[in-house]
Every structure is written in C-alpha cells, then in structure tokens.
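Enquirer: Quick one: the structure is below, questions incoming.
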Amino acid sequence: MDAVTRLKMLSSQMTFEPDLEQKPVCFSQKQQDQIFVHPAQMPNGQSIKLLKTLLSSTCERNCFYCPFRAGRDFRRATFQPEEFAKLFMQLHQSGLAEGVFLSSGIAAGGIRTQDKLLDTADILRNKLNFRGYLHLKVMPGSERAQVERAMLLADRVSVNLESPNTERLARLAPHKVFLEELLQPLKWADEIRRTENPNRAWKGRWPSTVTQFVAGGADESDLELLTTTAWLNKNVGLKRAYFSAFHPIRDTPLENKAAVDPLREHRLYQASFLLRDYGFDLEDLPFTGEGGLPLADDPKLASAQMTLVHTPVELNRADRHTLLRVPGIGPKGVEAILKARRTGKLRDLSRLRALGVNAIRAAPFILLDGKRPAQQIALF
Ligand code: SF4
C-alpha cells in the first residue's frame, strides 16, 4: 500500500483523541478516500489545520473500547518514522496541514513504540526543520528519558488515563497499569517542567500536558472523574482534561454497552473549567447522591440554584472569588465589575450588560445596592 493511501486510512480512523470534539466514525470506503485534516484550536486560541494520525494502527493490546485493539478485523497500516515525516512535510509545505497530532498503536511494547514516535518528531524538528505545532502522545509504560525527549520536541504532550482510577481502568483496559504506566509519565512531565531549564525545549518553554478520559466507559461517576481531574490540576500541573463520551465500537467486548449521552461530556467539560478557572472546589459542584452532574443545567447554574438563590451576592461588595460563582459572570466580567466599582455603585442590570455580563442570567442571584434586580428583567 502506498504512503498516501496509508495516511488516508490512518487519519480517517483516528477519531478518538483530544483537540477535537468529534465522535468515532465508521471506516467507510468514502472516508478512506481523503486525508483528514481538522480545524483545531491551539492553546493560544489560534485555529490551525491539524493532521491527527497514528504512526501505526497495529496494536498488541486489547483495550475493550478501542477500534484498534488486537485481534479486531480491519485493515491496518504502519509508517516508519522517516517516511511519515517526509510525507507530512509535503502536506505542510503545500499548505494542507499546519500541525500534527501523532499517536500510535503499540507494537513490541510501549518503550519501543515511543522510540518510533520520538524518532519521527526528531526528524521533523531537526532534519526537516518543521516549526509548526506538534502534539505527541506518550505511550503507556514510557521511560522518564522518553518523556523528557518528547517535551524537548513537542508543543504539547498527552498521556491518556482513560479512567479515573485503577479499579475503573481494569474494566476498560485490563492490561494498562494506572499508576506505573499512565500516571507516572504525567508526574515526570510535571517534575521536568518544575526542575529543568526550559531553554532546552525547542521553543524555549516546556510543553503543556493533557489527558483524556472515556467518560462512562467503566460506569464511573462524574465525581470520580472530576476528583481525579482536580488532583491532576493541582499535583501534576495538568493543562486540560478531555472527556470523550463512551461510544460502543463494533467487534469489541463493549459493543453492546449503551452509548453515553454526549451532554454528559459537555457537563464534564463545564465542571472541569469551573475547577480550573473559576476557583470552584469539588464540594461546590452540584453532584447528585450517585455522584453525577445534573444534565439539565450547566453545573454553575445548578450550583447557584442550590445556594445563591437564597443568599444573593451583593455585586458592590463581593470579592473576586464570590463574583465568579454567579451565573453570567465570567473572569472578564469579574474584572470589569471590580474596575467599575471604583468609580461608583452598580445599581441596574443595564450597567452590568454594558460591562459584558449576562445580566439576565445573573439577575436571580444578585443584589444591586441592596436590592434584588429581578423586576428589571422586563427592561430587556
Ligand atoms: S493501547 Fe491504545 S491503540 Fe492499543 S488497544 Fe489500547 S487504546 Fe487502542
């Protein structure tokens, strides 16, 4: 099979990873007739054309949810590092792809597979002078030196935890070892970032690290997923957790398991941003008795309905932390309110709206100069 055909196959099959909010696809002939390059938002907010692909779709492991698991009957393809790097540079130079997300199925162990990914990255950066975005996957069981080498070459590295803890992972991927194979590389990445000179990295700064969970694949609760996410944010400097709602794949042990509502994925993202950017703690989130987030409302609104509706926030006095609890007020709105308060009292919703606040959303949960502004909603 020629290289372009293999890349068409691999990029069409690669739908399971971070940076895209896209569901797994069936591997139809039509889809294999093109190379998949996706719009993807970079950490700095810029959107680029990203090629997401595997170096190889051959895998010796058999994770229960995965389309690439060993023994599953579909057409597989493999690249050697140099041939992939050269083909990618042709795409890049023709303007078809600005960046690449590179992962792989595992063959001859995680260490050997990681070496191939690293060799590919090394050729791209040091032989072919690629200066664009590179996201490298760290394979389960990689060594510390390999994590470091990945961080020297990439803009982002990721280790997929898949599940929030050892027990849950055993139900999804019994041959992966949560602590030693998956969590340890994330710890090393954090240690390298904290202790080693970033000037050695290709851009003079260490790449960020992210992970992904298969939400609902092991019947874990949202509380379990977000407990681990909060721990990772705090203890290994995780930039972002991705949640991919479980979706059954034909010819896998979980093919008859029901798909998870994609709205759950959305709520998990919202809650993880509250933990990361809004100063929420786990106990501030509106978990049900079973540890789930309500699907009907976003978690910030649900939390406010349980608390702030009875104890509204006086916007003229509240501190930054409290202001961030109010639905309709984000980090930029908080800054605008704090600045506006220096020049006078906030007394009506139209003023809030002028500050960029979603005033209607905020109204049930606030006081303006001691008064509830609900009656002013009619003005809008
Ligand atoms: S190791 Fe990765 S590619 Fe292989 S079966 Fe598991 S999730 Fe799929």
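Just so we're on the same page: first chain in the structure tokens is A, next is B, and so on; residues restart at 1 for each chain, and ligands are numbered from 1 in the order they show up.
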Show me, as a Markdown table, the residues of chain A having an atom within 8 Å of ligand 1, each with the closest atom pair and its distance in Å, using only C-alpha atoms and all ligand atoms.
Expert:
```
| residue | atom | partner | partner_atom_place_in_ligand_line | distance |
| --- | --- | --- | --- | --- |
| A:Ser57 | CA | ligand 1 | 3 (S) | 6.9 |
| A:Thr58 | CA | ligand 1 | 3 (S) | 7.6 |
| A:Cys59 | CA | ligand 1 | 4 (Fe) | 4.7 |
| A:Glu60 | CA | ligand 1 | 4 (Fe) | 6.4 |
| A:Arg61 | CA | ligand 1 | 5 (S) | 4.7 |
| A:Asn62 | CA | ligand 1 | 5 (S) | 4.4 |
| A:Cys63 | CA | ligand 1 | 6 (Fe) | 4.2 |
| A:Phe64 | CA | ligand 1 | 5 (S) | 7.4 |
| A:Tyr65 | CA | ligand 1 | 7 (S) | 7.5 |
| A:Cys66 | CA | ligand 1 | 8 (Fe) | 4.6 |
| A:Pro67 | CA | ligand 1 | 8 (Fe) | 6.4 |
| A:Phe68 | CA | ligand 1 | 8 (Fe) | 4.8 |
| A:Arg69 | CA | ligand 1 | 5 (S) | 3.7 |
| A:Ala70 | CA | ligand 1 | 5 (S) | 6.4 |
| A:Ser104 | CA | ligand 1 | 3 (S) | 6.4 |
| A:Gly105 | CA | ligand 1 | 3 (S) | 4.0 |
| A:Ile106 | CA | ligand 1 | 4 (Fe) | 5.6 |
| A:Met139 | CA | ligand 1 | 1 (S) | 8.0 |
| A:Pro140 | CA | ligand 1 | 1 (S) | 7.5 |
| A:Ala173 | CA | ligand 1 | 6 (Fe) | 6.8 |
| A:Lys176 | CA | ligand 1 | 1 (S) | 7.9 |
```
Enquirer: Could you go through region 252-282 of chain A and tell me which residues DSSP, when run on the backbone, assigns to alpha helix (DSSP H), listing them as a PyMOL selection string?
Expert: chain A and resi 262-277
Enquirer: For those residues, write C-alpha atoms to a file as an mmCIF file, in the first residue's frame.
Expert:
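Output (out-v5.cif):
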```cif
data_model
loop_
_atom_site.group_PDB
_atom_site.id
_atom_site.type_symbol
_atom_site.label_atom_id
_atom_site.label_comp_id
_atom_site.auth_asym_id
_atom_site.auth_seq_id
_atom_site.Cartn_x
_atom_site.Cartn_y
_atom_site.Cartn_z
ATOM 1 C CA PRO A 262 -22.865 13.416 24.736
ATOM 2 C CA LEU A 263 -24.423 16.028 27.023
ATOM 3 C CA ARG A 264 -22.635 14.326 29.915
ATOM 4 C CA GLU A 265 -19.341 15.024 28.149
ATOM 5 C CA HIS A 266 -20.342 18.680 27.842
ATOM 6 C CA ARG A 267 -21.242 18.949 31.540
ATOM 7 C CA LEU A 268 -17.921 17.377 32.493
ATOM 8 C CA TYR A 269 -16.068 19.975 30.440
ATOM 9 C CA GLN A 270 -18.029 22.777 32.064
ATOM 10 C CA ALA A 271 -17.346 21.413 35.546
ATOM 11 C CA SER A 272 -13.646 20.916 34.819
ATOM 12 C CA PHE A 273 -13.376 24.562 33.721
ATOM 13 C CA LEU A 274 -15.061 25.630 36.967
ATOM 14 C CA LEU A 275 -12.408 23.687 38.874
ATOM 15 C CA ARG A 276 -9.559 25.036 36.780
ATOM 16 C CA ASP A 277 -10.524 28.629 36.034
#
```
Enquirer: Of the residues A:Asp119, A:Glu162, A:Glu224, A:Glu196, which is the one nearest to Glu148 (chain A), using only C-alpha atoms?
Expert: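 Smallest separation from Glu148 (chain A) among the options: A:Glu196.
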Enquirer: As a ChimeraX atom specification, please: the residues near Arg156 (chain A) (cut-off 6 Å, only C-alpha atoms, same-chain neighbours under 4 positions excluded).
Expert: /A:135,207-209
Enquirer: Output the selection as a short mmCIF file (atom, residue, chain, number, x, y, z; two decimals), in the first residue's frame - N, CA and C atoms for each residue.
Expert:
```
data_model
loop_
_atom_site.label_atom_id
_atom_site.label_comp_id
_atom_site.auth_asym_id
_atom_site.auth_seq_id
_atom_site.Cartn_x
_atom_site.Cartn_y
_atom_site.Cartn_z
N HIS A 135 1.86 17.80 18.58
CA HIS A 135 1.32 17.19 19.80
C HIS A 135 1.72 15.72 19.76
N PRO A 207 6.41 22.11 27.04
CA PRO A 207 5.03 21.93 26.55
C PRO A 207 4.06 21.65 27.69
N SER A 208 2.78 21.93 27.43
CA SER A 208 1.73 21.60 28.40
C SER A 208 1.39 20.11 28.29
N THR A 209 0.75 19.61 29.35
CA THR A 209 0.32 18.21 29.33
C THR A 209 -1.19 18.14 29.48
#
```
Enquirer: Between CA of Leu55 (chain A) and CA of Asp115 (chain A), what distance in Å does the model show, to one decimal?
Expert: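 Distance reported for this atom pair: 11.5 Å.
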